[in-house]
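The data block below is query_12.cif; it holds mmCIF, C-alpha atoms and all ligand atoms.
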data_structure
loop_
_atom_site.label_atom_id
_atom_site.label_comp_id
_atom_site.auth_asym_id
_atom_site.auth_seq_id
_atom_site.Cartn_x
_atom_site.Cartn_y
_atom_site.Cartn_z
CA MET X 920 -11.62 10.98 8.01
CA HIS X 921 -9.28 8.81 5.96
CA SER X 922 -9.57 7.37 2.50
CA PHE X 923 -7.30 4.98 0.68
CA GLN X 924 -7.05 4.03 -2.96
CA THR X 925 -4.80 1.80 -4.98
CA VAL X 926 -4.63 -0.27 -8.16
CA SER X 927 -7.28 -2.97 -7.87
CA ASP X 928 -5.61 -5.66 -9.98
CA ILE X 929 -2.04 -6.65 -9.04
CA ARG X 930 -0.44 -9.86 -10.33
CA ILE X 931 2.84 -11.28 -9.07
CA GLU X 932 4.88 -13.93 -10.89
CA PRO X 933 8.65 -14.18 -11.36
CA GLY X 934 9.02 -14.76 -15.11
CA GLY X 935 5.45 -13.55 -15.76
CA ALA X 936 6.46 -10.85 -18.25
CA ALA X 937 7.29 -13.58 -20.77
CA LYS X 938 3.56 -14.40 -20.88
CA LEU X 939 2.19 -10.96 -21.71
CA ASP X 940 -0.57 -12.47 -23.84
CA TYR X 941 -1.95 -14.10 -20.69
CA TYR X 942 -1.48 -11.03 -18.50
CA VAL X 943 -3.20 -8.54 -20.84
CA ASP X 944 -6.29 -10.70 -21.07
CA GLY X 945 -9.49 -8.67 -20.81
CA LEU X 946 -7.79 -5.26 -21.00
CA CYS X 947 -7.47 -4.64 -24.74
CA ARG X 948 -10.56 -4.16 -26.88
CA ASN X 949 -8.86 -4.18 -30.32
CA LYS X 950 -5.82 -6.50 -30.11
CA ARG X 951 -3.47 -3.52 -30.57
CA VAL X 952 -0.99 -2.96 -27.75
CA ALA X 953 1.43 -0.01 -27.45
CA ILE X 954 4.43 -0.47 -25.14
CA VAL X 955 6.26 2.52 -23.62
CA THR X 956 9.85 1.86 -22.55
CA ASP X 957 13.41 3.19 -22.82
CA LYS X 958 16.29 2.12 -25.03
CA GLY X 959 18.28 0.68 -22.11
CA VAL X 960 15.47 -1.63 -21.03
CA ARG X 961 14.77 -2.62 -24.63
CA ALA X 962 18.43 -3.38 -25.35
CA LEU X 963 18.52 -5.72 -22.34
CA GLY X 964 15.94 -7.87 -24.15
CA LEU X 965 13.56 -7.77 -21.18
CA LEU X 966 10.59 -7.16 -23.48
CA ASP X 967 11.38 -9.69 -26.16
CA ALA X 968 9.61 -12.81 -24.88
CA GLY X 969 6.51 -10.84 -23.87
CA VAL X 970 6.19 -9.09 -27.23
CA GLU X 971 6.67 -12.42 -28.99
CA SER X 972 3.90 -13.96 -26.88
CA LEU X 973 1.55 -11.11 -27.84
CA ARG X 974 2.32 -11.48 -31.53
CA ALA X 975 1.85 -15.25 -31.36
CA ALA X 976 -1.57 -14.61 -29.81
CA GLY X 977 -2.59 -12.34 -32.70
CA TYR X 978 -1.89 -8.91 -31.19
CA GLN X 979 -0.35 -6.06 -33.18
CA THR X 980 2.33 -4.32 -31.12
CA PHE X 981 4.04 -0.94 -31.27
CA VAL X 982 7.05 -0.17 -29.07
CA PHE X 983 7.85 3.46 -28.22
CA ASP X 984 11.35 3.28 -26.71
CA LYS X 985 12.36 6.95 -26.69
CA VAL X 986 11.75 7.58 -22.99
CA VAL X 987 14.75 9.04 -21.14
CA ALA X 988 15.35 9.39 -17.40
CA ASP X 989 13.33 12.22 -15.83
CA PRO X 990 11.11 12.31 -18.93
CA PRO X 991 10.77 15.73 -20.53
CA GLU X 992 7.49 17.02 -21.92
CA ALA X 993 8.76 16.79 -25.49
CA VAL X 994 9.22 13.01 -25.19
CA VAL X 995 5.78 12.56 -23.66
CA LEU X 996 4.18 14.56 -26.46
CA LYS X 997 6.13 12.73 -29.16
CA GLY X 998 5.08 9.39 -27.69
CA ALA X 999 1.46 10.49 -27.48
CA VAL X 1000 1.39 11.48 -31.17
CA ALA X 1001 2.99 8.21 -32.34
CA ILE X 1002 0.78 6.08 -30.12
CA ARG X 1003 -2.44 7.88 -31.03
CA LYS X 1004 -1.63 7.14 -34.67
CA PHE X 1005 -1.19 3.45 -33.84
CA ASN X 1006 -4.65 3.45 -32.19
CA PRO X 1007 -4.02 0.93 -29.39
CA GLY X 1008 -6.62 -0.57 -27.08
CA LEU X 1009 -4.04 -0.90 -24.29
CA ILE X 1010 -0.88 0.93 -23.23
CA ILE X 1011 1.80 -0.92 -21.28
CA GLY X 1012 4.43 1.06 -19.36
CA PHE X 1013 7.49 -1.20 -19.09
CA GLY X 1014 10.61 -0.07 -17.22
CA GLY X 1015 11.55 2.09 -14.28
CA GLY X 1016 9.66 5.14 -13.08
CA SER X 1017 10.51 7.11 -16.21
CA PRO X 1018 8.75 4.80 -18.74
CA MET X 1019 5.89 4.09 -16.32
CA ASP X 1020 5.25 7.80 -15.66
CA THR X 1021 5.44 8.52 -19.39
CA ALA X 1022 2.98 5.69 -20.11
CA LYS X 1023 0.55 7.06 -17.51
CA VAL X 1024 0.49 10.47 -19.14
CA ILE X 1025 0.35 9.10 -22.68
CA ALA X 1026 -2.60 6.85 -21.73
CA HIS X 1027 -4.28 10.01 -20.52
CA LEU X 1028 -3.43 12.15 -23.54
CA CYS X 1029 -4.62 9.41 -25.91
CA GLY X 1030 -7.89 8.90 -24.05
CA CYS X 1031 -9.18 12.46 -23.85
CA ASP X 1032 -8.64 15.95 -25.21
CA GLN X 1033 -7.05 17.55 -22.15
CA PRO X 1034 -3.78 19.25 -23.19
CA LEU X 1035 -0.63 18.31 -21.25
CA GLU X 1036 -0.14 21.73 -19.70
CA SER X 1037 -3.56 21.53 -18.05
CA LEU X 1038 -2.74 18.30 -16.19
CA TYR X 1039 -0.13 19.53 -13.66
CA GLY X 1040 -1.06 19.79 -10.01
CA VAL X 1041 -3.46 17.77 -7.90
CA GLY X 1042 -6.70 16.47 -9.39
CA GLN X 1043 -6.40 18.30 -12.69
CA ALA X 1044 -6.11 15.20 -14.92
CA LYS X 1045 -9.67 14.02 -15.24
CA GLY X 1046 -9.63 11.53 -18.12
CA PRO X 1047 -10.97 9.28 -19.49
CA SER X 1048 -7.73 7.54 -20.36
CA LEU X 1049 -6.84 4.43 -22.37
CA PRO X 1050 -6.52 1.12 -20.46
CA LEU X 1051 -3.10 1.03 -18.81
CA MET X 1052 -0.92 -1.80 -17.52
CA LEU X 1053 2.35 -1.14 -15.69
CA ILE X 1054 5.31 -3.50 -15.34
CA PRO X 1055 8.23 -2.18 -13.25
CA THR X 1056 11.83 -3.21 -13.98
CA THR X 1057 13.36 -1.24 -11.10
CA ALA X 1058 12.40 -1.72 -7.44
CA GLY X 1059 12.11 1.88 -6.36
CA THR X 1060 9.58 4.42 -7.47
CA GLY X 1061 6.44 2.36 -6.82
CA SER X 1062 5.04 4.33 -9.76
CA GLU X 1063 3.13 1.21 -10.84
CA VAL X 1064 0.68 1.76 -7.97
CA THR X 1065 0.75 5.53 -7.57
CA ASN X 1066 -1.50 8.24 -8.95
CA VAL X 1067 1.56 10.38 -9.71
CA ALA X 1068 3.60 11.11 -12.84
CA ILE X 1069 6.68 13.32 -12.70
CA ILE X 1070 7.56 15.20 -15.87
CA THR X 1071 10.46 17.55 -16.59
CA THR X 1072 9.09 20.84 -17.89
CA GLY X 1073 11.33 23.32 -19.66
CA GLU X 1074 15.03 22.79 -19.08
CA THR X 1075 15.17 21.92 -15.43
CA ALA X 1076 11.92 21.97 -13.49
CA LYS X 1077 10.16 18.77 -12.48
CA LYS X 1078 6.40 18.94 -12.10
CA GLY X 1079 3.95 16.40 -10.78
CA ILE X 1080 0.64 15.30 -12.20
CA VAL X 1081 -1.35 13.82 -9.34
CA ALA X 1082 -4.80 12.43 -10.10
CA ASP X 1083 -6.70 9.24 -9.45
CA SER X 1084 -7.28 8.84 -13.18
CA LEU X 1085 -3.54 7.96 -13.39
CA TYR X 1086 -4.00 4.68 -11.48
CA ALA X 1087 -3.20 1.72 -13.72
CA ASP X 1088 -5.83 -0.86 -14.57
CA ARG X 1089 -3.43 -3.72 -13.91
CA VAL X 1090 0.08 -4.20 -12.54
CA LEU X 1091 2.41 -7.13 -13.09
CA LEU X 1092 5.35 -7.62 -10.71
CA ASP X 1093 8.01 -9.90 -12.21
CA ALA X 1094 11.12 -9.98 -10.02
CA ALA X 1095 13.10 -11.74 -12.77
CA LEU X 1096 13.09 -8.44 -14.71
CA THR X 1097 15.23 -6.88 -11.98
CA PHE X 1098 18.05 -9.48 -11.87
CA GLY X 1099 20.19 -7.41 -14.25
CA LEU X 1100 19.83 -4.11 -12.39
CA PRO X 1101 23.34 -2.81 -11.71
CA LYS X 1102 24.36 -2.51 -8.07
CA SER X 1103 24.31 1.29 -8.09
CA ILE X 1104 20.73 1.46 -9.47
CA THR X 1105 19.59 -1.31 -7.09
CA ALA X 1106 20.95 0.69 -4.16
CA SER X 1107 19.67 4.13 -5.08
CA THR X 1108 16.22 3.03 -6.30
CA GLY X 1109 15.90 0.83 -3.18
CA ILE X 1110 16.73 3.79 -0.93
CA ASP X 1111 14.14 5.84 -2.86
CA ALA X 1112 11.55 3.19 -1.95
CA MET X 1113 12.60 3.31 1.72
CA VAL X 1114 12.25 7.11 1.67
CA HIS X 1115 8.73 6.75 0.22
CA ALA X 1116 7.76 4.56 3.17
CA ILE X 1117 9.41 6.81 5.79
CA GLU X 1118 7.85 9.96 4.30
CA ALA X 1119 4.42 8.27 4.08
CA TYR X 1120 4.62 7.22 7.74
CA THR X 1121 5.50 10.77 8.79
CA SER X 1122 3.23 12.61 6.30
CA ILE X 1123 1.39 15.06 8.54
CA ARG X 1124 -1.70 15.83 6.48
CA GLU X 1125 -2.77 12.47 5.12
CA LYS X 1126 -1.05 9.88 7.29
CA ASN X 1127 -3.54 7.03 7.65
CA PRO X 1128 -3.63 3.56 9.20
CA ILE X 1129 -3.52 1.67 5.89
CA SER X 1130 -0.51 3.61 4.58
CA ASP X 1131 1.15 3.13 7.98
CA ALA X 1132 0.79 -0.66 7.81
CA LEU X 1133 2.03 -0.75 4.23
CA ALA X 1134 4.99 1.54 5.01
CA LEU X 1135 6.16 -0.59 7.94
CA THR X 1136 5.93 -3.82 5.96
CA ALA X 1137 7.69 -2.16 3.04
CA LEU X 1138 10.55 -1.00 5.26
CA ARG X 1139 11.02 -4.44 6.85
CA LYS X 1140 11.23 -6.07 3.43
CA LEU X 1141 13.44 -3.41 1.85
CA ARG X 1142 15.84 -3.24 4.78
CA GLY X 1143 16.09 -7.04 4.88
CA ALA X 1144 16.85 -7.33 1.18
CA ILE X 1145 18.69 -4.23 -0.06
CA VAL X 1146 22.27 -5.26 0.75
CA THR X 1147 21.73 -8.84 -0.45
CA ALA X 1148 20.15 -7.59 -3.71
CA CYS X 1149 23.22 -5.39 -4.29
CA GLU X 1150 25.70 -8.16 -3.54
CA SER X 1151 23.87 -11.17 -5.05
CA PRO X 1152 21.92 -9.67 -7.97
CA ASP X 1153 20.14 -12.87 -8.95
CA ASN X 1154 18.95 -13.78 -5.46
CA VAL X 1155 15.26 -14.42 -6.24
CA GLU X 1156 14.06 -13.87 -2.69
CA ALA X 1157 15.89 -10.56 -2.22
CA ARG X 1158 14.78 -9.27 -5.64
CA GLY X 1159 11.19 -10.32 -4.87
CA ASP X 1160 11.25 -8.55 -1.51
CA MET X 1161 12.68 -5.40 -3.10
CA LEU X 1162 9.95 -5.35 -5.75
CA ILE X 1163 7.10 -6.00 -3.30
CA GLY X 1164 8.61 -3.58 -0.79
CA ALA X 1165 8.84 -0.81 -3.39
CA MET X 1166 5.24 -1.43 -4.42
CA LEU X 1167 3.92 -1.39 -0.84
CA ALA X 1168 5.80 1.87 -0.26
CA GLY X 1169 4.20 3.23 -3.45
CA GLN X 1170 0.73 2.30 -2.18
CA ALA X 1171 1.55 4.04 1.10
CA PHE X 1172 2.82 7.34 -0.32
CA SER X 1173 0.17 7.52 -3.02
CA ASN X 1174 -2.24 8.09 -0.12
CA ALA X 1175 0.07 9.73 2.44
CA PRO X 1176 2.26 11.85 0.17
CA CYS X 1177 6.03 12.40 0.27
CA ALA X 1178 7.62 15.42 1.90
CA ALA X 1179 10.87 17.36 2.29
CA VAL X 1180 13.33 14.62 1.29
CA HIS X 1181 11.70 14.58 -2.13
CA ALA X 1182 11.40 18.38 -2.26
CA LEU X 1183 15.13 18.80 -1.62
CA ALA X 1184 16.00 15.93 -3.98
CA TYR X 1185 14.19 17.33 -7.02
CA PRO X 1186 16.60 20.21 -7.80
CA LEU X 1187 19.51 17.72 -7.91
CA GLY X 1188 17.70 15.86 -10.68
CA GLY X 1189 16.29 18.93 -12.40
CA PHE X 1190 19.49 20.98 -12.59
CA PHE X 1191 22.19 18.30 -12.53
CA HIS X 1192 20.51 15.10 -13.76
CA VAL X 1193 21.40 13.17 -10.65
CA PRO X 1194 19.17 10.03 -10.78
CA HIS X 1195 16.04 10.33 -8.65
CA GLY X 1196 16.93 7.59 -6.16
CA LEU X 1197 20.43 8.90 -5.65
CA SER X 1198 19.15 12.47 -5.13
CA ASN X 1199 16.94 11.16 -2.35
CA ALA X 1200 19.75 9.11 -0.81
CA LEU X 1201 21.94 12.22 -0.73
CA VAL X 1202 19.54 14.48 1.17
CA MET X 1203 17.70 11.79 3.19
CA THR X 1204 19.64 11.72 6.45
CA GLY X 1205 20.13 15.51 6.57
CA VAL X 1206 16.37 16.06 6.26
CA MET X 1207 15.66 13.33 8.82
CA ASP X 1208 18.06 14.98 11.30
CA TYR X 1209 16.25 18.28 10.75
CA ASN X 1210 12.82 16.61 11.15
CA LEU X 1211 13.79 14.77 14.33
CA PRO X 1212 12.31 17.27 16.84
CA LYS X 1213 8.86 16.75 15.27
CA ALA X 1214 9.13 13.22 13.87
CA ASP X 1215 11.07 11.52 16.68
CA HIS X 1216 8.14 9.41 17.89
CA TRP X 1217 7.29 8.22 14.37
CA TYR X 1218 10.91 7.44 13.55
CA ALA X 1219 11.14 5.52 16.83
CA GLU X 1220 8.03 3.48 15.92
CA ILE X 1221 9.63 2.57 12.61
CA ALA X 1222 12.96 1.71 14.26
CA ARG X 1223 11.22 -0.59 16.76
CA ASP X 1224 9.19 -2.26 14.02
CA MET X 1225 12.36 -2.83 11.96
CA GLY X 1226 14.16 -4.14 15.03
CA VAL X 1227 17.02 -1.65 14.79
CA GLY X 1228 16.57 0.26 18.06
CA GLN X 1229 14.15 2.12 20.30
CA THR X 1230 14.70 5.76 19.34
CA GLY X 1231 14.21 8.03 16.35
CA VAL X 1232 17.96 8.44 16.07
CA SER X 1233 18.36 4.69 15.64
CA LEU X 1234 16.34 4.86 12.40
CA ILE X 1235 18.58 7.64 11.08
CA ASP X 1236 21.66 5.59 12.06
CA GLU X 1237 20.24 2.56 10.26
CA MET X 1238 19.60 4.54 7.07
CA GLN X 1239 23.18 5.82 7.25
CA ARG X 1240 24.42 2.24 7.67
CA ILE X 1241 22.47 1.23 4.54
CA LYS X 1242 24.01 4.12 2.57
CA ASP X 1243 27.48 3.01 3.69
CA ALA X 1244 26.85 -0.68 3.01
CA THR X 1245 25.49 -0.06 -0.49
CA HIS X 1246 28.26 2.42 -1.35
CA VAL X 1247 26.02 5.18 -2.73
CA PRO X 1248 27.80 8.52 -3.27
CA GLN X 1249 27.30 10.72 -0.20
CA THR X 1250 28.32 14.23 -1.19
CA LEU X 1251 27.24 16.80 -3.76
CA ALA X 1252 30.89 16.96 -4.87
CA ALA X 1253 30.79 13.21 -5.64
CA VAL X 1254 27.98 13.84 -8.15
CA ASP X 1255 29.66 16.97 -9.57
CA ILE X 1256 27.38 19.56 -7.98
CA PRO X 1257 29.39 22.67 -7.07
CA GLU X 1258 28.84 24.32 -3.70
CA ASP X 1259 27.85 27.62 -5.32
CA ALA X 1260 24.73 25.93 -6.75
CA ILE X 1261 23.29 25.54 -3.25
CA PRO X 1262 21.29 28.83 -3.05
CA MET X 1263 19.72 28.17 -6.46
CA MET X 1264 18.79 24.61 -5.49
CA ALA X 1265 17.42 25.75 -2.13
CA LYS X 1266 15.27 28.37 -3.85
CA ASP X 1267 13.90 25.72 -6.20
CA ALA X 1268 13.27 23.22 -3.38
CA MET X 1269 11.20 25.84 -1.55
CA THR X 1270 8.77 25.96 -4.50
CA LYS X 1271 7.76 22.31 -3.96
CA ASP X 1272 4.70 23.16 -1.84
CA ARG X 1273 2.94 19.96 -2.90
CA LEU X 1274 5.63 18.05 -0.95
CA LEU X 1275 6.71 20.51 1.74
CA MET X 1276 3.16 20.83 3.07
CA ASN X 1277 3.38 17.18 4.21
CA ASN X 1278 6.65 17.55 6.11
CA ALA X 1279 6.62 16.83 9.82
CA ARG X 1280 8.61 20.01 10.56
CA GLU X 1281 8.19 23.24 8.65
CA MET X 1282 11.03 23.47 6.13
CA THR X 1283 12.69 26.85 5.61
CA PHE X 1284 15.10 28.27 3.04
CA ASP X 1285 17.85 28.57 5.66
CA ALA X 1286 17.41 24.98 6.82
CA THR X 1287 17.47 23.77 3.23
CA VAL X 1288 20.75 25.63 2.61
CA LYS X 1289 22.22 24.07 5.76
CA ILE X 1290 21.15 20.56 4.72
CA TYR X 1291 22.80 20.98 1.30
CA GLU X 1292 25.91 22.51 2.91
CA GLY X 1293 26.10 19.50 5.24
CA ILE X 1294 26.62 17.18 2.26
CA ALA X 1295 28.62 19.57 0.06
CA SER X 1296 31.92 17.69 0.21
N1 LIG P 1301 5.23 8.29 -10.35
C1 LIG P 1301 5.74 8.17 -9.16
O1 LIG P 1301 5.02 7.89 -8.22
C2 LIG P 1301 7.19 8.39 -8.97
C3 LIG P 1301 7.77 8.21 -7.72
C4 LIG P 1301 9.15 8.39 -7.60
C5 LIG P 1301 9.91 8.74 -8.72
N2 LIG P 1301 9.30 8.93 -9.94
C6 LIG P 1301 10.05 9.28 -11.15
O2 LIG P 1301 10.59 8.09 -11.69
C7 LIG P 1301 11.79 8.39 -12.39
C8 LIG P 1301 12.93 7.52 -11.88
O3 LIG P 1301 12.62 6.17 -12.10
P1 LIG P 1301 13.68 5.01 -11.77
O4 LIG P 1301 14.46 5.36 -10.57
O5 LIG P 1301 12.93 3.73 -11.76
O6 LIG P 1301 14.69 5.07 -13.00
P2 LIG P 1301 14.49 5.22 -14.59
O7 LIG P 1301 13.19 4.68 -15.04
O8 LIG P 1301 14.82 6.62 -14.95
O9 LIG P 1301 15.65 4.23 -15.10
C9 LIG P 1301 17.00 4.46 -14.75
C10 LIG P 1301 17.91 3.60 -15.60
O10 LIG P 1301 17.78 2.22 -15.25
C11 LIG P 1301 17.71 1.42 -16.42
N3 LIG P 1301 16.98 0.21 -16.08
C12 LIG P 1301 15.66 0.10 -15.80
N4 LIG P 1301 15.36 -1.17 -15.51
C13 LIG P 1301 16.51 -1.89 -15.62
C14 LIG P 1301 16.83 -3.27 -15.43
N5 LIG P 1301 15.91 -4.16 -15.05
N6 LIG P 1301 18.12 -3.65 -15.61
C15 LIG P 1301 19.06 -2.75 -15.96
N7 LIG P 1301 18.82 -1.43 -16.15
C16 LIG P 1301 17.54 -1.01 -15.97
C17 LIG P 1301 17.02 2.30 -17.43
O11 LIG P 1301 17.30 1.90 -18.75
C18 LIG P 1301 17.61 3.67 -17.11
O12 LIG P 1301 18.84 3.84 -17.77
C19 LIG P 1301 12.05 9.87 -12.18
O13 LIG P 1301 11.58 10.61 -13.28
C20 LIG P 1301 11.24 10.17 -10.93
O14 LIG P 1301 10.88 11.54 -10.83
C21 LIG P 1301 7.99 8.75 -10.06
FE FE P 1302 10.86 8.90 -5.01
#
Mind converting the file's structure to structure tokens?
Amino acid sequence: MHSFQTVSDIRIEPGGAAKLDYYVDGLCRNKRVAIVTDKGVRALGLLDAGVESLRAAGYQTFVFDKVVADPPEAVVLKGAVAIRKFNPGLIIGFGGGSPMDTAKVIAHLCGCDQPLESLYGVGQAKGPSLPLMLIPTTAGTGSEVTNVAIITTGETAKKGIVADSLYADRVLLDAALTFGLPKSITASTGIDAMVHAIEAYTSIREKNPISDALALTALRKLRGAIVTACESPDNVEARGDMLIGAMLAGQAFSNAPCAAVHALAYPLGGFFHVPHGLSNALVMTGVMDYNLPKADHWYAEIARDMGVGQTGVSLIDEMQRIKDATHVPQTLAAVDIPEDAIPMMAKDAMTKDRLLMNNAREMTFDATVKIYEGIAS
């Protein structure tokens, strides 16, 4: 038995975010819109035209811009208090995965009385939540179409809230928002998206034919565009393919969940604040090498579909080529993680049951240590 869910209302228009008044139509009962973003995105002016269009159409707006990367609970709670006070009829998450995840949780906290600590895990967030629209400005997490929000709890741990009540009511994909993404963020968030698709395709428990089709299409688009998007940042076609590819990968892994690459990546973000995409890029090929005895046939199917070879190894080689071509850092030393942190990170990675249970090959503490050691310096 398979089931598949996704956001039911997805709009695509380069430049569309300048016409927010048009794109929110029908979602907001009281003409009060709260926007959740971060200071970097706001300072780039990406929101300005859209907010102006809302005001011109008679909407009151409130912008909460205090989201930071790998959003901590305190920021989510602060946003929820401020936004509840504003009493919006619609919440818009505008930015990368961090603002979108924060917006998902805030929409939930403002729509019902469930406390934040009761939401973690699978199926715990029940809602109802406020109407939610998501507008990504990075092409990576696919958070706009997933039922997942990742929050940093305490000092270092990252926890997931996974529940269908987190699906947005509407998504707008505007590739023009991503023209200004620096090369390093384009590369690492793009590799994150590719990992989502590869992990969805090889997700042992909930792999399904719809996620498979989405993952393959996502990988063809992302592979075809990632180097061009890094080298020619305002190439409309490449940016469009990256954004669609990341979304398709998000739809895939929201139904066929991620696995050991993500489990091993999380401690790098939690303990050392390595950006999520880069953490994944660092551990990706080591985990794929380890998975090869069990995932070879699936990797080979992907490689053939991408046109990069006939074997599982050819997919791993291609992902290595993409890391080289996009110049992402490739060692823990390059992101200032000391070798003596490896046992602590491995211990933490082994707690990510939600992810590890989907891995094609059973992951062990010793294998995790070896994978980290393989990229130490
Ligand atoms: N919910 C999900 O399904 C899901 C999936 C994967 C990752 N995540 C989470 O998403 C977060 C990572 O998201 P991310 O990789 O998109 O990064 P991010 O949202 O943390 O943003 C990273 C940086 O990029 C900047 N930025 C964003 N858009 C920009 C643009 N258009 N131009 C220039 N700079 C821009 C931001 O200001 C920020 O400084 C992590 O917390 C991760 O755990 C969630
Ligand atoms: Fe990811």
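Every protein or nucleic acid residue with an atom no more than 8 Å from Ile1117 in chain X, counting all atoms listed in the file and leaving out same-chain residues fewer than 2 positions away, appears here: Met1113, Val1114, His1115, Ala1119, Tyr1120, Thr1121, Ala1134, Leu1138 and Tyr1218 of chain X.
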Write the residues of the selection above to a file with C-alpha atoms, as a tab-separated table (two decimals), in the frame of the given file.
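So the final result, stored in result27.tsv, reads:
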chain	number	residue	atom	x	y	z
X	1113	MET	CA	12.60	3.31	1.72
X	1114	VAL	CA	12.25	7.11	1.67
X	1115	HIS	CA	8.73	6.75	0.22
X	1119	ALA	CA	4.42	8.27	4.08
X	1120	TYR	CA	4.62	7.22	7.74
X	1121	THR	CA	5.50	10.77	8.79
X	1134	ALA	CA	4.99	1.54	5.01
X	1138	LEU	CA	10.55	-1.00	5.26
X	1218	TYR	CA	10.91	7.44	13.55
Selection near Arg1003 in chain X, 10 Å with all atoms listed in the file, sequence-local residues under 3 positions removed, as a PyMOL selection string: chain X and resi 953+998-1000+1006-1007+1025-1026+1028-1030
Within 7 Å of Val1041 in chain X using all atoms listed in the file, minus same-chain residues under 4 positions, as number ranges by chain: X: 1080-1082
For the contact check between chain X and ligand LIG 1301 (chain P), emit one row per residue of chain X within 6 Å, containing the shortest atom pair and the distance in Å rounded to one decimal, counting all atoms listed in the file, chain then rising number order, as a Markdown table.
| residue | atom | partner | partner_atom | distance |
| --- | --- | --- | --- | --- |
| X:Asp957 | CA | P:LIG1301 | O11 | 5.8 |
| X:Gly959 | CA | P:LIG1301 | O11 | 3.7 |
| X:Val960 | CA | P:LIG1301 | O11 | 4.6 |
| X:Ala988 | CA | P:LIG1301 | O8 | 3.7 |
| X:Asp989 | CA | P:LIG1301 | O13 | 3.5 |
| X:Pro990 | CA | P:LIG1301 | O13 | 5.9 |
| X:Gly1014 | CA | P:LIG1301 | N4 | 5.2 |
| X:Gly1015 | CA | P:LIG1301 | O7 | 3.2 |
| X:Gly1016 | CA | P:LIG1301 | O3 | 3.3 |
| X:Ser1017 | CA | P:LIG1301 | O7 | 3.8 |
| X:Pro1018 | CA | P:LIG1301 | O7 | 5.8 |
| X:Asp1020 | CA | P:LIG1301 | N1 | 5.3 |
| X:Thr1056 | CA | P:LIG1301 | N5 | 4.3 |
| X:Thr1057 | CA | P:LIG1301 | N4 | 4.8 |
| X:Gly1059 | CA | P:LIG1301 | O5 | 5.8 |
| X:Thr1060 | CA | P:LIG1301 | C4 | 4.0 |
| X:Gly1061 | CA | P:LIG1301 | O1 | 5.9 |
| X:Ser1062 | CA | P:LIG1301 | O1 | 3.9 |
| X:Thr1065 | CA | P:LIG1301 | O1 | 4.9 |
| X:Val1067 | CA | P:LIG1301 | N1 | 4.3 |
| X:Ala1068 | CA | P:LIG1301 | N1 | 4.1 |
| X:Ile1069 | CA | P:LIG1301 | O14 | 4.9 |
| X:Leu1096 | CA | P:LIG1301 | N5 | 5.1 |
| X:Thr1097 | CA | P:LIG1301 | N5 | 4.2 |
| X:Gly1099 | CA | P:LIG1301 | N6 | 4.5 |
| X:Leu1100 | CA | P:LIG1301 | N6 | 3.7 |
| X:Thr1108 | CA | P:LIG1301 | O4 | 5.2 |
| X:His1195 | CA | P:LIG1301 | C8 | 5.3 |
| X:Gly1196 | CA | P:LIG1301 | O4 | 5.5 |
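Take the candidates X:Gly1169, X:Gly1228, X:Pro1186, X:Pro1212 and check each one against ligand FE 1302 (chain P) using all atoms listed in the file; the shortest distance goes to X:Gly1169.
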Residue nearest Ile1011 in chain X among X:Leu1049, X:Ala976, X:Ala993, X:Lys985 (counting all atoms listed in the file): X:Leu1049
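Among the candidates X:Arg930, X:Thr1021, X:Arg974, X:Ala1244, the residue lying nearest to Thr956 in chain X is X:Thr1021 (atoms considered: all atoms listed in the file).
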Proximity to Asp1032 in chain X - best of X:Asn1277, X:Asn1210, X:Ser1048, X:Ser1122, all atoms listed in the file: X:Ser1048
Spatial neighbours of Lys1045 in chain X, max dist 9 Å, all atoms listed in the file, sep filter under 3 positions, as a PyMOL selection string: chain X and resi 1027+1031+1033+1038+1042+1048+1082-1085
Spatial neighbours of Ile1221 in chain X, max dist 12 Å, only C-alpha atoms, sep filter under 2 positions, as an MDAnalysis selection string: chainID X and resid 1113 1116:1121 1131:1139 1142 1214:1219 1223:1235 1237:1238
Test item: which residues lie within 12 Å of (12.3, 21.7, -19.1) counting only C-alpha atoms, as a VMD selection string: chain X and resid 989 to 994 1069 to 1078 1188 to 1190 1192
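Counting from CA of Val1254 in chain X, the distance to CA of Met1269 in chain X is 21.7 Å.
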Protein and nucleic acid residues near (30.7, 16.1, 0.5) (cut-off 7 Å, all atoms listed in the file) as a list in words: Gln1249, Thr1250, Leu1251, Ala1252, Ala1253, Ile1294, Ala1295 and Ser1296 of chain X
